[in-house]
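S.K.: Once you've had a glance at the structure underneath, I'll fire off some questions.
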Protein chains: 2
Amino acid sequence: MAKHDRDLSLLFHALADPTRRSILTRLAGTPAAVTDLAGPTGLRLPTVMRHLAVLEEAGLITSSKDGRIRTCAVVPQALDPVRTWLDEHRAIWEARLDRLDAFVTNVMKENGT
Amino acid sequence: MAKHDRDLSLLFHALADPTRRSILTRLAGTPAAVTDLAGPTGLRLPTVMRHLAVLEEAGLITSSKDGRIRTCAVVPQALDPVRTWLDEHRAIWEARLDRLDAFVTNVMKENGT
DNA sequence: ATCATGCTTAGCCATATCGCTAAGTATCAG
DNA sequence: CTGATACTTAGCGATATGGCTAAGCATGAT
């Protein structure tokens, strides 16, 4: 439970910036070099590097250097914890909405969670 | 597309803090008063108030005051934009993983999306 | 009227974030 | 070797964040 706290915080924080999200979107189709990623943002290279570092720390992207070119690529499974958190909470929230709190409690008992 | 940018940033930022996530979790089952929410965090009231303000600005909770007690409750649909963003990106990312980009494009055409 | 309770506001401090420039380092081309 | 390219590092400034205390205000109980 509390174990994933840091992961989640890093992930959510990484996703909280429009520039970083646009980088992720741009990176979705194909891996790209740092300069290619910087282009459309209109930001300077060091600034973009920082964003990439944040994304990499959160585990959302990987990068490797070939010659003088660093290529960045997306890490699809990285979003799993976010998705899990979302699913759990949506379940509880909607249960509350439908006034089925008891039901949820029951399901959780059945799952042994 | 760019229209939801601010919403998403506010949402992700609100979710990036462990204290705020714990408040949301605590609030999942039942609405609660500010003091009740502050208790388990070990933080002072003004600090908790700030967290609540962030959550409310992001649309994740609502609050109303009855007498001198402010009661906070979760807003379940608030997570929809997050879920949407996640779904879209997971689709693209996994497509890339499985090298089935063409297939996804196809499905999207069939769905008229 | 008085006091306790529950929230609210104002303001301080430390640290983090996001942008930048300037000056590196490391390839690759000629 | 020289120069261009592609990143990298160092460090600065403005603003935002997350915590606090102290003091204020409104309501409920006595």
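Simple scheme: letters A, B, ... for chains in structure tokens order, numbers from 1 for residues in each chain, numbers from 1 for ligands in the order shown.
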Any idea what's packed within 10 Å of Leu55 (chain A), counting only C-alpha atoms (C1' of nucleotides), ignoring anything in its chain fewer than 2 positions away? Could you give it as a PDB file with C-alpha atoms, in the first residue's frame?

M.R.:
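Output file result_8.pdb is given in full below:
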```pdb
ATOM      1  CA  LEU A  10       6.752  10.477  -9.092  1.00  0.00           C
ATOM      2  CA  LEU A  11       4.398   9.313 -11.805  1.00  0.00           C
ATOM      3  CA  HIS A  13       4.138  14.599 -10.745  1.00  0.00           C
ATOM      4  CA  ALA A  14       5.770  13.694 -14.047  1.00  0.00           C
ATOM      5  CA  LEU A  15       2.367  13.689 -15.722  1.00  0.00           C
ATOM      6  CA  ARG A  20       6.084  16.429 -20.375  1.00  0.00           C
ATOM      7  CA  ARG A  21       2.744  15.040 -21.489  1.00  0.00           C
ATOM      8  CA  ILE A  23       6.718  14.746 -25.012  1.00  0.00           C
ATOM      9  CA  LEU A  24       5.122  11.456 -24.035  1.00  0.00           C
ATOM     10  CA  MET A  49      16.724  17.582 -20.668  1.00  0.00           C
ATOM     11  CA  ARG A  50      15.327  18.266 -17.221  1.00  0.00           C
ATOM     12  CA  HIS A  51      11.846  17.236 -18.314  1.00  0.00           C
ATOM     13  CA  LEU A  52      13.289  14.067 -19.785  1.00  0.00           C
ATOM     14  CA  ALA A  53      15.119  13.392 -16.529  1.00  0.00           C
ATOM     15  CA  GLU A  57      13.045   9.039 -12.940  1.00  0.00           C
ATOM     16  CA  ALA A  58       9.362   8.270 -12.946  1.00  0.00           C
ATOM     17  CA  GLY A  59      10.114   5.282 -15.167  1.00  0.00           C
ATOM     18  CA  LEU A  60       7.959   6.608 -17.985  1.00  0.00           C
ATOM     19  CA  ILE A  61      10.749   6.626 -20.548  1.00  0.00           C
ATOM     20  CA  THR A  62      14.131   5.031 -21.129  1.00  0.00           C
ATOM     21  CA  VAL A  74       8.367   5.200 -23.879  1.00  0.00           C
TER      22      VAL A  74
END
```

S.K.: For DT8 (chain C), work out the shell of residues within 12 Å, counting only C-alpha atoms (C1' of nucleotides) and skipping chain neighbours fewer than 4 positions away, then give it as a ChimeraX atom specification.

M.R.: /B:34,45-50,68-70 /D:23-26

S.K.: What are the residues of chain B lining chain A at 6 Å or less? Count only C-alpha atoms, and put the answer as a PyMOL selection string.

M.R.: chain B and resi 9+12-13+16-17+28+76+93

S.K.: Counting only C-alpha atoms (C1' of nucleotides), which residues from chain C have an atom at most 10 Å from any atom of chain B, and could you show them as a PyMOL selection string?

M.R.: chain C and resi 5-9

S.K.: Filtering to N, CA, C and O atoms (P, O5', C5', C4', C3', O3' and C1' of nucleotides), could you give me those residues as a CSV table (one decimal), in the first residue's frame?

M.R.:
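Contents of again_21.csv, as written:
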```csv
chain,number,residue,atom,x,y,z
C,5,DT,P,-13.1,22.3,23.5
C,5,DT,O5',-13.7,22.6,22.1
C,5,DT,C5',-15.1,22.3,21.9
C,5,DT,C4',-15.4,22.6,20.5
C,5,DT,C3',-14.5,22.1,19.4
C,5,DT,O3',-15.3,21.3,18.5
C,5,DT,C1',-14.8,24.4,19.0
C,6,DG,P,-14.6,20.5,17.3
C,6,DG,O5',-14.6,21.6,16.1
C,6,DG,C5',-15.9,22.0,15.5
C,6,DG,C4',-15.5,22.8,14.3
C,6,DG,C3',-14.4,22.3,13.5
C,6,DG,O3',-14.7,22.4,12.1
C,6,DG,C1',-13.9,24.5,14.1
C,7,DC,P,-13.9,21.7,11.0
C,7,DC,O5',-13.4,22.9,10.2
C,7,DC,C5',-14.5,23.8,9.7
C,7,DC,C4',-14.0,25.2,9.7
C,7,DC,C3',-13.1,25.6,8.5
C,7,DC,O3',-13.9,26.4,7.7
C,7,DC,C1',-12.5,26.7,10.6
C,8,DT,P,-13.4,26.8,6.2
C,8,DT,O5',-12.5,28.1,6.4
C,8,DT,C5',-13.1,29.2,7.1
C,8,DT,C4',-12.1,30.3,7.3
C,8,DT,C3',-11.1,30.5,6.1
C,8,DT,O3',-11.4,31.8,5.5
C,8,DT,C1',-10.0,30.7,8.2
C,9,DT,P,-10.5,32.3,4.3
C,9,DT,O5',-9.5,33.3,4.9
C,9,DT,C5',-9.8,34.1,6.0
C,9,DT,C4',-8.6,34.9,6.4
C,9,DT,C3',-7.6,35.2,5.3
C,9,DT,O3',-7.3,36.6,5.3
C,9,DT,C1',-6.5,34.2,7.2
```

S.K.: Would you compute the distance between CA of Asp66 (chain A) and C1' of DT27 (chain C)? Give it in Å to one decimal.

M.R.: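 About the pair CA of Asp66 (chain A) and C1' of DT27 (chain C): they are 9.7 Å apart.
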
S.K.: With distances taken over only C-alpha atoms (C1' of nucleotides), which residue among B:Gly42, B:Pro81, B:Pro31, B:Ser63 lies nearest chain D?

M.R.: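 Looking at the shortest contact to chain D, the residue is B:Gly42.
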
S.K.: Enumerate as a compact mmCIF listing (two decimals) with N, CA and C atoms (P, O5', C5', C4', C3', O3' and C1' of nucleotides), in the first residue's frame the residues belonging to chain D that approach chain A to within 10 Å, with only C-alpha atoms (C1' of nucleotides) taken into account.

M.R.:
```txt
# COMPACT_ATOMS: atom_id res chain seq x y z
P DT D 5 26.14 22.40 -37.83
O5' DT D 5 25.87 21.14 -36.90
C5' DT D 5 26.13 19.84 -37.41
C4' DT D 5 26.04 18.84 -36.28
C3' DT D 5 24.78 18.97 -35.43
O3' DT D 5 24.17 17.70 -35.43
C1' DT D 5 26.70 18.84 -34.06
P DA D 6 22.73 17.50 -34.77
O5' DA D 6 23.15 17.04 -33.32
C5' DA D 6 23.66 15.71 -33.13
C4' DA D 6 23.75 15.46 -31.65
C3' DA D 6 22.52 15.92 -30.87
O3' DA D 6 22.16 14.92 -29.93
C1' DA D 6 24.44 16.89 -29.96
P DC D 7 20.69 14.97 -29.28
O5' DC D 7 21.10 15.36 -27.78
C5' DC D 7 21.65 14.35 -27.08
C4' DC D 7 22.91 14.84 -26.35
C3' DC D 7 22.67 14.98 -24.86
O3' DC D 7 23.34 13.91 -24.23
C1' DC D 7 24.16 16.61 -25.72
P DT D 8 22.92 13.49 -22.75
O5' DT D 8 23.79 14.45 -21.82
C5' DT D 8 25.18 14.48 -21.99
C4' DT D 8 25.81 15.54 -21.09
C3' DT D 8 25.13 15.71 -19.73
O3' DT D 8 26.04 15.25 -18.76
C1' DT D 8 25.69 17.80 -20.74
P DT D 9 25.67 15.26 -17.18
O5' DT D 9 26.33 16.59 -16.60
C5' DT D 9 27.57 17.05 -17.12
C4' DT D 9 27.93 18.39 -16.50
C3' DT D 9 27.34 18.63 -15.11
O3' DT D 9 28.40 19.08 -14.28
C1' DT D 9 26.80 20.42 -16.56
```

S.K.: Among region 4-113 of chain B, which ones does DSSP assign to alpha helix (DSSP H) (computed from the backbone)? Answer as a ChimeraX atom specification.

M.R.: /B:5-15,18-29,34-41,45-57,80-98,101-110
